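A.B. asks: Data: query-v6.pdb, PDB, C-alpha atoms.
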ATOM      1  CA  MET G   1     134.735 157.464 -10.364  1.00  0.00           C
ATOM      2  CA  ARG G   2     135.991 160.596 -12.139  1.00  0.00           C
ATOM      3  CA  GLU G   3     136.431 158.578 -15.317  1.00  0.00           C
ATOM      4  CA  ILE G   4     132.764 157.553 -15.133  1.00  0.00           C
ATOM      5  CA  SER G   5     131.415 160.947 -14.041  1.00  0.00           C
ATOM      6  CA  LEU G   6     133.121 162.788 -16.893  1.00  0.00           C
ATOM      7  CA  ARG G   7     131.397 160.435 -19.339  1.00  0.00           C
ATOM      8  CA  CYS G   8     128.039 161.142 -17.676  1.00  0.00           C
ATOM      9  CA  ASP G   9     128.572 164.903 -17.823  1.00  0.00           C
ATOM     10  CA  ARG G  10     128.234 165.032 -21.602  1.00  0.00           C
ATOM     11  CA  TYR G  11     124.637 163.771 -21.321  1.00  0.00           C
ATOM     12  CA  LEU G  12     123.688 166.202 -18.534  1.00  0.00           C
ATOM     13  CA  VAL G  13     125.466 169.447 -19.342  1.00  0.00           C
ATOM     14  CA  ASN G  14     122.888 170.538 -21.952  1.00  0.00           C
ATOM     15  CA  THR G  15     119.806 169.456 -19.994  1.00  0.00           C
ATOM     16  CA  ARG G  16     117.640 171.539 -17.673  1.00  0.00           C
ATOM     17  CA  ILE G  17     118.746 169.689 -14.562  1.00  0.00           C
ATOM     18  CA  THR G  18     120.674 171.995 -12.251  1.00  0.00           C
ATOM     19  CA  PRO G  19     123.790 171.207 -10.188  1.00  0.00           C
ATOM     20  CA  ASN G  20     121.779 171.690  -6.985  1.00  0.00           C
ATOM     21  CA  GLN G  21     119.176 169.181  -8.181  1.00  0.00           C
ATOM     22  CA  LEU G  22     121.983 166.687  -8.733  1.00  0.00           C
ATOM     23  CA  THR G  23     123.156 167.396  -5.190  1.00  0.00           C
ATOM     24  CA  TYR G  24     119.655 166.667  -3.880  1.00  0.00           C
ATOM     25  CA  LEU G  25     119.739 163.352  -5.756  1.00  0.00           C
ATOM     26  CA  MET G  26     123.127 162.655  -4.183  1.00  0.00           C
ATOM     27  CA  VAL G  27     121.634 163.145  -0.711  1.00  0.00           C
ATOM     28  CA  VAL G  28     118.691 160.868  -1.532  1.00  0.00           C
ATOM     29  CA  ALA G  29     121.029 158.122  -2.743  1.00  0.00           C
ATOM     30  CA  GLY G  30     123.173 158.428   0.391  1.00  0.00           C
ATOM     31  CA  VAL G  31     120.235 158.317   2.796  1.00  0.00           C
ATOM     32  CA  LEU G  32     118.669 155.394   0.921  1.00  0.00           C
ATOM     33  CA  ALA G  33     121.969 153.526   1.302  1.00  0.00           C
ATOM     34  CA  GLY G  34     121.491 153.654   5.064  1.00  0.00           C
ATOM     35  CA  ALA G  35     117.868 152.536   4.735  1.00  0.00           C
ATOM     36  CA  ALA G  36     118.923 149.675   2.438  1.00  0.00           C
ATOM     37  CA  LEU G  37     120.917 148.149   5.285  1.00  0.00           C
ATOM     38  CA  LEU G  38     117.638 147.346   7.024  1.00  0.00           C
ATOM     39  CA  VAL G  39     117.110 144.663   4.389  1.00  0.00           C
ATOM     40  CA  PRO G  40     118.386 141.470   6.048  1.00  0.00           C
ATOM     41  CA  GLY G  41     121.203 139.409   4.606  1.00  0.00           C
ATOM     42  CA  LEU G  42     123.719 140.065   1.887  1.00  0.00           C
ATOM     43  CA  ALA G  43     121.142 141.772  -0.372  1.00  0.00           C
ATOM     44  CA  GLY G  44     120.801 144.784   1.935  1.00  0.00           C
ATOM     45  CA  ALA G  45     124.557 145.264   2.282  1.00  0.00           C
ATOM     46  CA  LEU G  46     125.051 144.933  -1.482  1.00  0.00           C
ATOM     47  CA  LEU G  47     122.269 147.424  -2.226  1.00  0.00           C
ATOM     48  CA  GLY G  48     123.753 149.847   0.294  1.00  0.00           C
ATOM     49  CA  ALA G  49     127.179 149.620  -1.354  1.00  0.00           C
ATOM     50  CA  VAL G  50     125.693 150.201  -4.825  1.00  0.00           C
ATOM     51  CA  LEU G  51     123.727 153.243  -3.619  1.00  0.00           C
ATOM     52  CA  ILE G  52     126.870 154.701  -2.049  1.00  0.00           C
ATOM     53  CA  GLN G  53     128.629 154.344  -5.399  1.00  0.00           C
ATOM     54  CA  ILE G  54     125.721 156.244  -7.012  1.00  0.00           C
ATOM     55  CA  TYR G  55     126.054 158.834  -4.234  1.00  0.00           C
ATOM     56  CA  LEU G  56     129.770 159.169  -5.041  1.00  0.00           C
ATOM     57  CA  LEU G  57     129.052 159.477  -8.771  1.00  0.00           C
ATOM     58  CA  LEU G  58     126.516 162.256  -8.200  1.00  0.00           C
ATOM     59  CA  ASP G  59     128.948 163.949  -5.808  1.00  0.00           C
ATOM     60  CA  CYS G  60     131.406 164.185  -8.693  1.00  0.00           C
ATOM     61  CA  VAL G  61     128.872 165.099 -11.376  1.00  0.00           C
ATOM     62  CA  ASP G  62     127.170 167.992  -9.562  1.00  0.00           C
ATOM     63  CA  GLY G  63     130.423 169.892  -9.092  1.00  0.00           C
ATOM     64  CA  GLU G  64     131.656 169.172 -12.607  1.00  0.00           C
ATOM     65  CA  ILE G  65     128.418 170.406 -14.162  1.00  0.00           C
ATOM     66  CA  ALA G  66     128.455 173.498 -11.933  1.00  0.00           C
ATOM     67  CA  ARG G  67     131.997 174.383 -12.973  1.00  0.00           C
ATOM     68  CA  TRP G  68     131.344 173.703 -16.664  1.00  0.00           C
ATOM     69  CA  ARG G  69     128.255 175.954 -16.678  1.00  0.00           C
ATOM     70  CA  LYS G  70     129.887 178.464 -14.299  1.00  0.00           C
ATOM     71  CA  GLN G  71     126.998 177.948 -11.883  1.00  0.00           C
ATOM     72  CA  THR G  72     129.038 177.401  -8.730  1.00  0.00           C
ATOM     73  CA  SER G  73     127.437 178.982  -5.661  1.00  0.00           C
ATOM     74  CA  ILE G  74     127.640 179.190  -1.885  1.00  0.00           C
ATOM     75  CA  THR G  75     124.297 177.369  -1.752  1.00  0.00           C
ATOM     76  CA  GLY G  76     125.742 174.519  -3.767  1.00  0.00           C
ATOM     77  CA  VAL G  77     128.745 174.196  -1.457  1.00  0.00           C
ATOM     78  CA  TYR G  78     126.461 174.273   1.581  1.00  0.00           C
ATOM     79  CA  LEU G  79     124.118 171.610   0.167  1.00  0.00           C
ATOM     80  CA  ASP G  80     127.089 169.440  -0.720  1.00  0.00           C
ATOM     81  CA  ARG G  81     128.415 169.566   2.852  1.00  0.00           C
ATOM     82  CA  ILE G  82     124.986 168.868   4.337  1.00  0.00           C
ATOM     83  CA  GLY G  83     124.643 165.943   1.936  1.00  0.00           C
ATOM     84  CA  HIS G  84     127.895 164.424   3.165  1.00  0.00           C
ATOM     85  CA  TYR G  85     126.827 164.820   6.780  1.00  0.00           C
ATOM     86  CA  LEU G  86     123.420 163.226   6.230  1.00  0.00           C
ATOM     87  CA  SER G  87     124.540 160.403   3.969  1.00  0.00           C
ATOM     88  CA  GLU G  88     127.434 159.170   6.079  1.00  0.00           C
ATOM     89  CA  ALA G  89     125.382 159.462   9.259  1.00  0.00           C
ATOM     90  CA  ALA G  90     122.492 157.540   7.675  1.00  0.00           C
ATOM     91  CA  LEU G  91     124.817 154.737   6.590  1.00  0.00           C
ATOM     92  CA  LEU G  92     126.301 154.258  10.055  1.00  0.00           C
ATOM     93  CA  VAL G  93     122.930 154.502  11.813  1.00  0.00           C
ATOM     94  CA  GLY G  94     121.571 151.946   9.343  1.00  0.00           C
ATOM     95  CA  PHE G  95     124.537 149.695  10.101  1.00  0.00           C
ATOM     96  CA  GLY G  96     123.751 149.912  13.812  1.00  0.00           C
ATOM     97  CA  VAL G  97     120.065 149.116  13.292  1.00  0.00           C
ATOM     98  CA  ARG G  98     121.079 146.220  11.064  1.00  0.00           C
ATOM     99  CA  ALA G  99     123.238 144.847  13.894  1.00  0.00           C
ATOM    100  CA  ALA G 100     120.340 145.344  16.324  1.00  0.00           C
ATOM    101  CA  ASP G 101     118.372 142.724  14.350  1.00  0.00           C
ATOM    102  CA  LEU G 102     115.290 144.872  13.791  1.00  0.00           C
ATOM    103  CA  PHE G 103     113.360 142.069  12.105  1.00  0.00           C
ATOM    104  CA  HIS G 104     114.230 139.461  14.744  1.00  0.00           C
ATOM    105  CA  GLN G 105     116.335 137.233  12.520  1.00  0.00           C
ATOM    106  CA  GLU G 106     117.997 135.911  15.680  1.00  0.00           C
ATOM    107  CA  GLY G 107     115.072 136.101  18.076  1.00  0.00           C
ATOM    108  CA  GLY G 108     114.953 139.716  19.291  1.00  0.00           C
ATOM    109  CA  THR G 109     116.066 143.285  18.781  1.00  0.00           C
ATOM    110  CA  HIS G 110     119.185 144.391  20.680  1.00  0.00           C
ATOM    111  CA  TRP G 111     119.059 148.186  20.676  1.00  0.00           C
ATOM    112  CA  GLU G 112     122.528 148.584  22.164  1.00  0.00           C
ATOM    113  CA  TRP G 113     123.945 147.932  18.691  1.00  0.00           C
ATOM    114  CA  ALA G 114     121.733 150.651  17.219  1.00  0.00           C
ATOM    115  CA  PHE G 115     123.111 152.974  19.899  1.00  0.00           C
ATOM    116  CA  LEU G 116     126.690 152.109  18.918  1.00  0.00           C
ATOM    117  CA  GLY G 117     125.876 152.731  15.260  1.00  0.00           C
ATOM    118  CA  THR G 118     124.405 156.113  16.149  1.00  0.00           C
ATOM    119  CA  LEU G 119     127.526 156.868  18.195  1.00  0.00           C
ATOM    120  CA  ALA G 120     129.668 156.050  15.163  1.00  0.00           C
ATOM    121  CA  ALA G 121     127.465 158.344  13.036  1.00  0.00           C
ATOM    122  CA  LEU G 122     127.822 161.158  15.567  1.00  0.00           C
ATOM    123  CA  GLY G 123     131.596 160.728  15.521  1.00  0.00           C
ATOM    124  CA  ALA G 124     131.689 160.832  11.717  1.00  0.00           C
ATOM    125  CA  ILE G 125     129.665 164.058  11.742  1.00  0.00           C
ATOM    126  CA  LEU G 126     131.825 165.637  14.436  1.00  0.00           C
ATOM    127  CA  ILE G 127     135.012 164.843  12.512  1.00  0.00           C
ATOM    128  CA  LYS G 128     133.653 166.758   9.518  1.00  0.00           C
ATOM    129  CA  ALA G 129     132.311 169.539  11.716  1.00  0.00           C
ATOM    130  CA  GLU G 130     135.669 169.999  13.420  1.00  0.00           C
ATOM    131  CA  THR G 131     137.245 170.627  10.014  1.00  0.00           C
ATOM    132  CA  ASP G 132     134.462 172.873   8.713  1.00  0.00           C
ATOM    133  CA  LEU G 133     134.333 174.927  11.912  1.00  0.00           C
ATOM    134  CA  VAL G 134     137.950 175.986  11.406  1.00  0.00           C
ATOM    135  CA  ASP G 135     136.818 178.075   8.421  1.00  0.00           C
ATOM    136  CA  VAL G 136     133.805 179.349  10.384  1.00  0.00           C
ATOM    137  CA  ALA G 137     136.001 180.448  13.288  1.00  0.00           C
ATOM    138  CA  ARG G 138     138.509 182.121  10.979  1.00  0.00           C
ATOM    139  CA  ALA G 139     135.784 183.891   8.971  1.00  0.00           C
ATOM    140  CA  ARG G 140     134.145 185.243  12.115  1.00  0.00           C
ATOM    141  CA  SER G 141     137.528 186.499  13.278  1.00  0.00           C
ATOM    142  CA  GLY G 142     138.137 188.255   9.969  1.00  0.00           C
ATOM    143  CA  LEU G 143     140.906 185.863   8.904  1.00  0.00           C
ATOM    144  CA  PRO G 144     141.385 184.327   5.438  1.00  0.00           C
ATOM    145  CA  ALA G 145     140.836 180.641   4.711  1.00  0.00           C
ATOM    146  CA  VAL G 146     143.426 178.334   6.216  1.00  0.00           C
ATOM    147  CA  LYS G 147     146.383 177.134   4.145  1.00  0.00           C
ATOM    148  CA  ASP G 148     147.354 173.465   3.904  1.00  0.00           C
ATOM    149  CA  GLU G 149     150.679 173.905   5.682  1.00  0.00           C
ATOM    150  CA  ALA G 150     148.874 175.244   8.758  1.00  0.00           C
ATOM    151  CA  ALA G 151     147.445 171.764   9.359  1.00  0.00           C
ATOM    152  CA  VAL G 152     150.832 170.456  10.522  1.00  0.00           C
ATOM    153  CA  PRO G 153     150.915 170.294  14.360  1.00  0.00           C
ATOM    154  CA  ARG G 154     153.414 172.599  16.026  1.00  0.00           C
ATOM    155  CA  SER G 155     154.586 169.742  18.264  1.00  0.00           C
ATOM    156  CA  SER G 156     157.029 167.364  16.527  1.00  0.00           C
ATOM    157  CA  GLY G 157     155.587 164.425  18.472  1.00  0.00           C
ATOM    158  CA  LEU G 158     152.050 165.179  17.353  1.00  0.00           C
ATOM    159  CA  ALA G 159     153.291 165.683  13.795  1.00  0.00           C
ATOM    160  CA  VAL G 160     154.786 162.177  13.791  1.00  0.00           C
ATOM    161  CA  ALA G 161     151.586 160.718  15.282  1.00  0.00           C
ATOM    162  CA  ARG G 162     149.538 162.497  12.628  1.00  0.00           C
ATOM    163  CA  LYS G 163     151.695 161.057   9.851  1.00  0.00           C
ATOM    164  CA  ALA G 164     151.370 157.570  11.345  1.00  0.00           C
ATOM    165  CA  ALA G 165     147.581 157.871  11.528  1.00  0.00           C
ATOM    166  CA  ALA G 166     147.476 159.153   7.941  1.00  0.00           C
ATOM    167  CA  ALA G 167     149.588 156.195   6.782  1.00  0.00           C
ATOM    168  CA  LEU G 168     147.357 153.641   8.520  1.00  0.00           C
ATOM    169  CA  LYS G 169     144.215 155.353   7.174  1.00  0.00           C
ATOM    170  CA  PHE G 170     142.059 153.639   9.801  1.00  0.00           C
ATOM    171  CA  HIS G 171     139.951 156.801  10.122  1.00  0.00           C
ATOM    172  CA  ARG G 172     138.687 156.368   6.559  1.00  0.00           C
ATOM    173  CA  LEU G 173     136.572 153.405   7.638  1.00  0.00           C
ATOM    174  CA  VAL G 174     133.914 155.791   8.963  1.00  0.00           C
ATOM    175  CA  GLY G 175     133.703 157.536   5.573  1.00  0.00           C
ATOM    176  CA  GLY G 176     130.768 156.654   3.342  1.00  0.00           C
ATOM    177  CA  VAL G 177     132.505 154.732   0.544  1.00  0.00           C
ATOM    178  CA  GLU G 178     134.930 152.807   2.744  1.00  0.00           C
ATOM    179  CA  ALA G 179     132.233 152.092   5.352  1.00  0.00           C
ATOM    180  CA  SER G 180     129.872 150.677   2.714  1.00  0.00           C
ATOM    181  CA  LEU G 181     132.563 148.265   1.473  1.00  0.00           C
ATOM    182  CA  PHE G 182     133.413 147.297   5.048  1.00  0.00           C
ATOM    183  CA  ILE G 183     129.718 146.619   5.731  1.00  0.00           C
ATOM    184  CA  LEU G 184     129.503 144.475   2.604  1.00  0.00           C
ATOM    185  CA  PHE G 185     132.604 142.547   3.684  1.00  0.00           C
ATOM    186  CA  VAL G 186     131.241 141.743   7.158  1.00  0.00           C
ATOM    187  CA  ALA G 187     127.876 140.811   5.591  1.00  0.00           C
ATOM    188  CA  ILE G 188     129.671 138.182   3.490  1.00  0.00           C
ATOM    189  CA  LEU G 189     131.357 136.837   6.627  1.00  0.00           C
ATOM    190  CA  ASP G 190     127.990 136.730   8.404  1.00  0.00           C
ATOM    191  CA  MET G 191     126.466 134.836   5.498  1.00  0.00           C
ATOM    192  CA  VAL G 192     129.165 132.187   5.852  1.00  0.00           C
ATOM    193  CA  ARG G 193     128.828 132.057   9.636  1.00  0.00           C
ATOM    194  CA  GLY G 194     125.022 132.239   9.668  1.00  0.00           C
ATOM    195  CA  ASP G 195     124.519 135.006  12.237  1.00  0.00           C
ATOM    196  CA  LEU G 196     125.258 138.702  12.889  1.00  0.00           C
ATOM    197  CA  PHE G 197     128.516 138.258  14.781  1.00  0.00           C
ATOM    198  CA  PHE G 198     130.753 140.083  12.302  1.00  0.00           C
ATOM    199  CA  THR G 199     128.212 142.850  11.691  1.00  0.00           C
ATOM    200  CA  ARG G 200     128.072 143.536  15.421  1.00  0.00           C
ATOM    201  CA  LEU G 201     131.831 143.372  15.696  1.00  0.00           C
ATOM    202  CA  GLY G 202     132.040 145.806  12.787  1.00  0.00           C
ATOM    203  CA  VAL G 203     129.671 148.273  14.462  1.00  0.00           C
ATOM    204  CA  ALA G 204     131.789 148.184  17.620  1.00  0.00           C
ATOM    205  CA  VAL G 205     134.975 148.744  15.592  1.00  0.00           C
ATOM    206  CA  LEU G 206     133.537 151.707  13.675  1.00  0.00           C
ATOM    207  CA  ALA G 207     132.154 153.265  16.865  1.00  0.00           C
ATOM    208  CA  GLY G 208     135.578 152.946  18.492  1.00  0.00           C
ATOM    209  CA  ILE G 209     137.341 154.439  15.474  1.00  0.00           C
ATOM    210  CA  ALA G 210     134.869 157.329  15.313  1.00  0.00           C
ATOM    211  CA  ILE G 211     135.322 158.200  18.992  1.00  0.00           C
ATOM    212  CA  VAL G 212     139.121 157.998  18.880  1.00  0.00           C
ATOM    213  CA  GLN G 213     139.338 159.912  15.610  1.00  0.00           C
ATOM    214  CA  THR G 214     137.035 162.663  16.885  1.00  0.00           C
ATOM    215  CA  LEU G 215     139.300 163.260  19.856  1.00  0.00           C
ATOM    216  CA  LEU G 216     142.549 162.979  17.884  1.00  0.00           C
ATOM    217  CA  HIS G 217     141.287 165.273  15.145  1.00  0.00           C
ATOM    218  CA  LEU G 218     140.289 167.913  17.699  1.00  0.00           C
ATOM    219  CA  VAL G 219     143.718 167.721  19.347  1.00  0.00           C
ATOM    220  CA  SER G 220     145.374 167.934  15.932  1.00  0.00           C
ATOM    221  CA  ILE G 221     143.473 171.125  15.064  1.00  0.00           C
ATOM    222  CA  LEU G 222     144.153 172.784  18.396  1.00  0.00           C
ATOM    223  CA  ALA G 223     147.845 171.847  18.180  1.00  0.00           C
ATOM    224  CA  SER G 224     148.249 173.202  14.649  1.00  0.00           C
ATOM    225  CA  SER G 225     148.304 176.750  13.304  1.00  0.00           C
ATOM    226  CA  ARG G 226     144.860 176.506  11.730  1.00  0.00           C
ATOM    227  CA  LEU G 227     143.293 178.720  14.383  1.00  0.00           C
ATOM    228  CA  LYS G 228     146.123 181.262  14.397  1.00  0.00           C
TER     229      LYS G 228
END
Translate the structure described by the file into C-alpha cells.

C.D. replies:
Amino acid sequence: MREISLRCDRYLVNTRITPNQLTYLMVVAGVLAGAALLVPGLAGALLGAVLIQIYLLLDCVDGEIARWRKQTSITGVYLDRIGHYLSEAALLVGFGVRAADLFHQEGGTHWEWAFLGTLAALGAILIKAETDLVDVARARSGLPAVKDEAAVPRSSGLAVARKAAAALKFHRLVGGVEASLFILFVAILDMVRGDLFFTRLGVAVLAGIAIVQTLLHLVSILASSRLK
C-alpha cells in the first residue's frame, strides 16, 4: 500500500486538504466497511474488503502528508488511534450482524451471532487499548515512552510462548485488513454452500481469538518490563 500511497501523495500535498481531514475520511471508509457487510451475499463482503483497502490507503496518506508538510500533531495521532478503534470495531460488529441474518435470508434473525461479533469487536478494541494504556500509565507516572526491548516477558516460558504466538500470527485475524479478507473468504465459501454456515463459523472463530488474545496480551504486558 505504501507504493500506492506515495503516488497519491503527489496529487494531495499541494491541495488545501489537511492531514486531519484525510484521517476523518479514513474513519468514514472504515465504518462504511462494517456497514457494507449488511449487504447480503458476496457483494457486501467484497465491498467491505474494498473499503478497508481504501481505509488502509488513507491511513498511509494522512501521515505521509503530515510529515511532508511538517503538520504532525497530537490531535492527528489521537484521531488516527480513534479511527483504528472505530473502524475495526465496526467491521467485526458488521460481521456479527451479517451472520445474524438481519434480512431473513434463511428465515429469521439470530441475534446471538451479532452478540459474538460485538464480543470480537470489544476484544479487538481492548487489545489496542492494552497497548496504548502502557504509554498512558507511564506518562502519568512521569516515565518516558517504553522501549521495544521492554516488551519481552521477564519469564523465559512466557517469552517462548510470545514468540510462538507471533510466528502463528493468529491474532492478526481480528485486525481490519486481515479480518476483511477473512470475511470475503468465508463469503465465497457460503456462496458455494448456499447458506451462512461459514460466516457464522468465522464469527465464532474471531470472537474466540479476540478473547484469548485479550487475555494473553494483558498477561504479556504485566509480565514484561513495560510498566517498570

A.B. asks: In Å, rounded to a single decimal, give me how far atom CA of Met26 of chain G is from atom CA of Tyr55 of chain G.

C.D. replies: 4.8 Å

A.B. asks: Hey, which of G:Leu119, G:Leu181, G:Ala129, G:Val136 ends up closest to Gly208 of chain G? Count all atoms listed in the file.

C.D. replies: G:Leu119

A.B. asks: Run the PyMOL selection byres ((chain G and resi 31) around 8) against the file shown and list the residues it catches, as a compact mmCIF listing (two decimals) with C-alpha atoms, keeping the file's coordinate frame.

C.D. replies:
# COMPACT_ATOMS: atom_id res chain seq x y z
CA VAL G 27 121.63 163.15 -0.71
CA VAL G 28 118.69 160.87 -1.53
CA ALA G 29 121.03 158.12 -2.74
CA GLY G 30 123.17 158.43 0.39
CA LEU G 32 118.67 155.39 0.92
CA ALA G 33 121.97 153.53 1.30
CA GLY G 34 121.49 153.65 5.06
CA ALA G 35 117.87 152.54 4.74
CA LEU G 86 123.42 163.23 6.23
CA SER G 87 124.54 160.40 3.97
CA GLU G 88 127.43 159.17 6.08
CA ALA G 90 122.49 157.54 7.68
CA LEU G 91 124.82 154.74 6.59

A.B. asks: List as a ChimeraX atom specification the protein and nucleic acid residues near Leu215 of chain G, meaning an atom at most 12 Å away when only C-alpha atoms are counted, but skip any in the same chain fewer than 2 places from it.

C.D. replies: /G:123-124,126-127,130,171,208-213,217-222

A.B. asks: Counting all atoms listed in the file, which residues of segment 46-136 of chain G fall within 9 Å of segment 195-198 of chain G, and what is the closest atom pair for each with its distance in Å at one decimal, ordered by chain and rising number, as a tab-separated table?

C.D. replies:
residue	atom	partner	partner_atom	distance
G:Arg98	CA	G:Leu196	CA	8.8
G:Ala99	CA	G:Leu196	CA	6.5
G:Ala100	CA	G:Leu196	CA	8.9
G:Asp101	CA	G:Leu196	CA	8.1
G:Gln105	CA	G:Asp195	CA	8.5
G:Glu106	CA	G:Asp195	CA	7.4

A.B. asks: Restricted to C-alpha atoms, what would the selected residues look like written as a JSON list (two decimals), in the frame of the given file?

C.D. replies:
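Output file again08.json is given in full below:
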[["chain", "number", "residue", "atom", "x", "y", "z"],
["G", 98, "ARG", "CA", 121.08, 146.22, 11.06],
["G", 99, "ALA", "CA", 123.24, 144.85, 13.89],
["G", 100, "ALA", "CA", 120.34, 145.34, 16.32],
["G", 101, "ASP", "CA", 118.37, 142.72, 14.35],
["G", 105, "GLN", "CA", 116.34, 137.23, 12.52],
["G", 106, "GLU", "CA", 118.00, 135.91, 15.68]]

A.B. asks: Which one of G:Gly176, G:Gly48, G:Gly202, G:Gly194 sits closest to Trp113 of chain G if you count all atoms listed in the file?

C.D. replies: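 Ranked by minimum distance to Trp113 of chain G, first place goes to G:Gly202.
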
A.B. asks: Restricting the calculation to only C-alpha atoms, which member of G:Leu227, G:Val177, G:Ile65, G:Leu206 is positioned closest to Arg10 of chain G?

C.D. replies: G:Ile65

A.B. asks: Do you know which residues the PyMOL selection byres ((chain G and resi 64) around 12) returns on this file, as a count of residues only?

C.D. replies: 32

A.B. asks: Which one is closest to Leu173 of chain G: G:Pro144, G:Ala120, G:Arg193, G:Ser225? Count all atoms listed in the file.

C.D. replies: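 Once distances to Leu173 of chain G are computed over all atoms listed in the file, the minimum belongs to G:Ala120.
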
A.B. asks: To one decimal place in Å, what is the distance between atom CA of Leu216 of chain G and atom CA of Tyr78 of chain G?

C.D. replies: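 For atom CA of Leu216 of chain G relative to atom CA of Tyr78 of chain G, the distance reads 25.5 Å.
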
A.B. asks: Mind checking which residues fall within 10 Å of Phe185 of chain G, counting all atoms listed in the file, ignoring those fewer than 6 positions away in the same chain, and posting them as a count of residues only?

C.D. replies: 7
